[in-house]
Amino acid sequence: MPTNEASNPSALRLALVQKASSLEPEENRRALDILDTLQGAGRQGVDLVVLPEAYARDFGVPGSDISAFAESLDGPFVEALTGRAKEHGITLVAGMFERSDDPGRPYNTLVVVDADGLRATYRKIHLYDSFGYKESDRLLAGAVEPVLVEVHGIQVGLMTCYDLRFPELARALVEKGADLLVVPSAWVAGPGKVAHWRTLASARAIENTVYVAAAGQPGPRYCGHSIVIGPMGEVLVEAGEDTEEVVEATVERSVVDTARAKNPSLANRRF
């Protein structure tokens, strides 16, 4: 099983996959072949790979019924992810539509999978009822509960797309110990939307002194610009807008500690 040769137990190598998802779930499962390029000979290798929101199957035409494409957590998408995670010795985060008790409205769910199977799930809390969309008409919101998972010594907090606009969730994740916030997204394109994306991702990093890794689907429908931001607000890597690509960065717990010593805003809070 391939593994990252780095021995630091509180650092991880992170990859964001900026790729458009298809309306055909089987095609998206086949597209997981892109992971084969991340662990090749001569490469450093990665520990955590983040794919976009709705990667198992795209949303389709705005307002369309997506319930027929919802899967269970032991369905073909999670099974495919687990197989890839085991093959490459990595942890994967990806978005899917998960069946709920309401047959007409599934959850917009992130799954975290490694070689042993499903590690964690996060059901999107803030549904995209904004900019002329009404996501709550076709999806159910998850429980208001922050979800973290440990990967290679790093505490990873889970958020999805529109959640990025709500600082309360990011802060709750940090209060539970998050060093890194991952934000799989399908950030719809439009006037000012790239500026919002960059600004909000930067704000969540700076105000919480954490890493933010936001993986998006590319244009023209979505905004692209998958980005990793350090805990002092520095952009570590950023993808283009219309390109399908993979960007990589290293996340280190010591960098979070240094940032919080230099900028102790969390400790200085009075509310």
# chains A, B, ... in the order shown; residues from 1 in each chain; ligands from 1
>>> select_by_dssp(residues="segment 34-271 of chain A", states="strand (DSSP E)", output="VMD selection string")
chain A and resid 48 to 50 91 to 98 107 to 114 117 to 123 148 to 151 154 to 158 180 to 184 211 to 215 227 to 229 235 to 238 245 to 252
>>> residues_around(residues="Ile227 of chain A", least_positions_apart="4", cutoff="10 Å", atoms="only C-alpha atoms", output="ChimeraX atom specification")
/A:16,18,183,197-198,201-202,212-216,235-240,247-249
>>> residues_around(residues="segment 188-190 of chain A", least_positions_apart="5", cutoff="7 Å", atoms="only C-alpha atoms", output="JSON, numbers by chain")
{"A": [221, 222, 223]}
>>> write_last_selection(atoms="C-alpha atoms", output="tab-separated table (two decimals), in the first residue's frame")
chain	number	residue	atom	x	y	z
A	221	ARG	CA	-20.89	26.76	-14.18
A	222	TYR	CA	-18.86	27.01	-11.00
A	223	CYS	CA	-16.05	29.29	-9.84
>>> residues_around(residues="Arg138 of chain A", least_positions_apart="3", cutoff="10 Å", atoms="only C-alpha atoms", output="MDAnalysis selection string")
chainID A and resid 63:67 104:108 127 134:135
>>> closest_residue(among="A:Asp102, A:Gly230, A:Val111, A:Cys161", to="Leu140 of chain A", atoms="only C-alpha atoms")
A:Asp102
>>> residues_around(residues="Gly233 of chain A", least_positions_apart="6", cutoff="12 Å", atoms="only C-alpha atoms", output="list in words")
Arg198, Thr199, Leu200, Ala201, Ser202, Ala203, Arg204, Ala205, Ile206, Glu207, Asn208, Thr209, Val210, Tyr211, Val212, Ala213, Ile227, Val255, Val256, Ala259 and Asn263 of chain A
>>> write_last_selection(atoms="N, CA and C atoms", output="CSV table (one decimal), in the first residue's frame")
chain,number,residue,atom,x,y,z
A,198,ARG,N,-12.8,33.8,-2.3
A,198,ARG,CA,-11.5,34.1,-1.8
A,198,ARG,C,-11.5,34.8,-0.4
A,199,THR,N,-12.4,35.8,-0.4
A,199,THR,CA,-12.5,36.7,0.8
A,199,THR,C,-13.0,35.8,2.0
A,200,LEU,N,-14.0,35.0,1.8
A,200,LEU,CA,-14.6,34.3,2.9
A,200,LEU,C,-13.6,33.2,3.4
A,201,ALA,N,-13.0,32.5,2.4
A,201,ALA,CA,-12.0,31.5,2.8
A,201,ALA,C,-10.9,32.1,3.6
A,202,SER,N,-10.4,33.3,3.2
A,202,SER,CA,-9.3,33.9,3.9
A,202,SER,C,-9.8,34.4,5.3
A,203,ALA,N,-11.0,34.9,5.4
A,203,ALA,CA,-11.5,35.3,6.7
A,203,ALA,C,-11.6,34.2,7.6
A,204,ARG,N,-12.2,33.0,7.2
A,204,ARG,CA,-12.3,31.9,8.1
A,204,ARG,C,-10.9,31.4,8.6
A,205,ALA,N,-9.9,31.5,7.7
A,205,ALA,CA,-8.5,31.1,8.2
A,205,ALA,C,-8.0,32.1,9.2
A,206,ILE,N,-8.1,33.4,8.8
A,206,ILE,CA,-7.4,34.4,9.7
A,206,ILE,C,-8.1,34.6,11.0
A,207,GLU,N,-9.4,34.6,11.0
A,207,GLU,CA,-10.1,34.8,12.3
A,207,GLU,C,-10.0,33.6,13.3
A,208,ASN,N,-9.7,32.5,12.7
A,208,ASN,CA,-9.6,31.3,13.5
A,208,ASN,C,-8.2,30.7,13.6
A,209,THR,N,-7.2,31.4,13.0
A,209,THR,CA,-5.9,30.9,12.9
A,209,THR,C,-5.8,29.4,12.6
A,210,VAL,N,-6.4,29.0,11.5
A,210,VAL,CA,-6.4,27.6,11.0
A,210,VAL,C,-6.1,27.6,9.5
A,211,TYR,N,-5.8,26.5,9.0
A,211,TYR,CA,-5.7,26.3,7.6
A,211,TYR,C,-7.1,26.1,7.0
A,212,VAL,N,-7.4,26.6,5.8
A,212,VAL,CA,-8.6,26.4,5.1
A,212,VAL,C,-8.3,25.8,3.8
A,213,ALA,N,-8.9,24.7,3.4
A,213,ALA,CA,-8.7,24.1,2.1
A,213,ALA,C,-10.0,23.9,1.5
A,227,ILE,N,-8.5,26.4,-3.3
A,227,ILE,CA,-7.4,27.2,-2.6
A,227,ILE,C,-7.1,26.6,-1.3
A,255,VAL,N,2.8,25.0,12.6
A,255,VAL,CA,2.5,26.3,11.9
A,255,VAL,C,1.2,27.0,12.6
A,256,VAL,N,0.2,26.1,12.9
A,256,VAL,CA,-1.0,26.6,13.6
A,256,VAL,C,-0.6,27.2,15.0
A,259,ALA,N,1.2,30.5,14.6
A,259,ALA,CA,0.3,31.6,14.3
A,259,ALA,C,-0.5,32.0,15.5
A,263,ASN,N,-0.6,35.7,16.9
A,263,ASN,CA,-1.9,36.4,16.8
A,263,ASN,C,-2.9,35.6,17.7
>>> closest_residue(among="A:Arg253, A:Lys19, A:His126, A:Arg270", to="Pro167 of chain A", atoms="only C-alpha atoms")
A:His126
>>> closest_residue(among="A:Ala20, A:Leu92, A:Leu12, A:Leu181", to="Phe59 of chain A", atoms="only C-alpha atoms")
A:Ala20
>>> select_by_dssp(residues="segment 42-102 of chain A", states="alpha helix (DSSP H)", output="PyMOL selection string")
chain A and resi 76-88
>>> closest_residue(among="A:Ala31, A:Met232, A:Leu164, A:Ala70", to="Phe97 of chain A", atoms="only C-alpha atoms")
A:Ala70
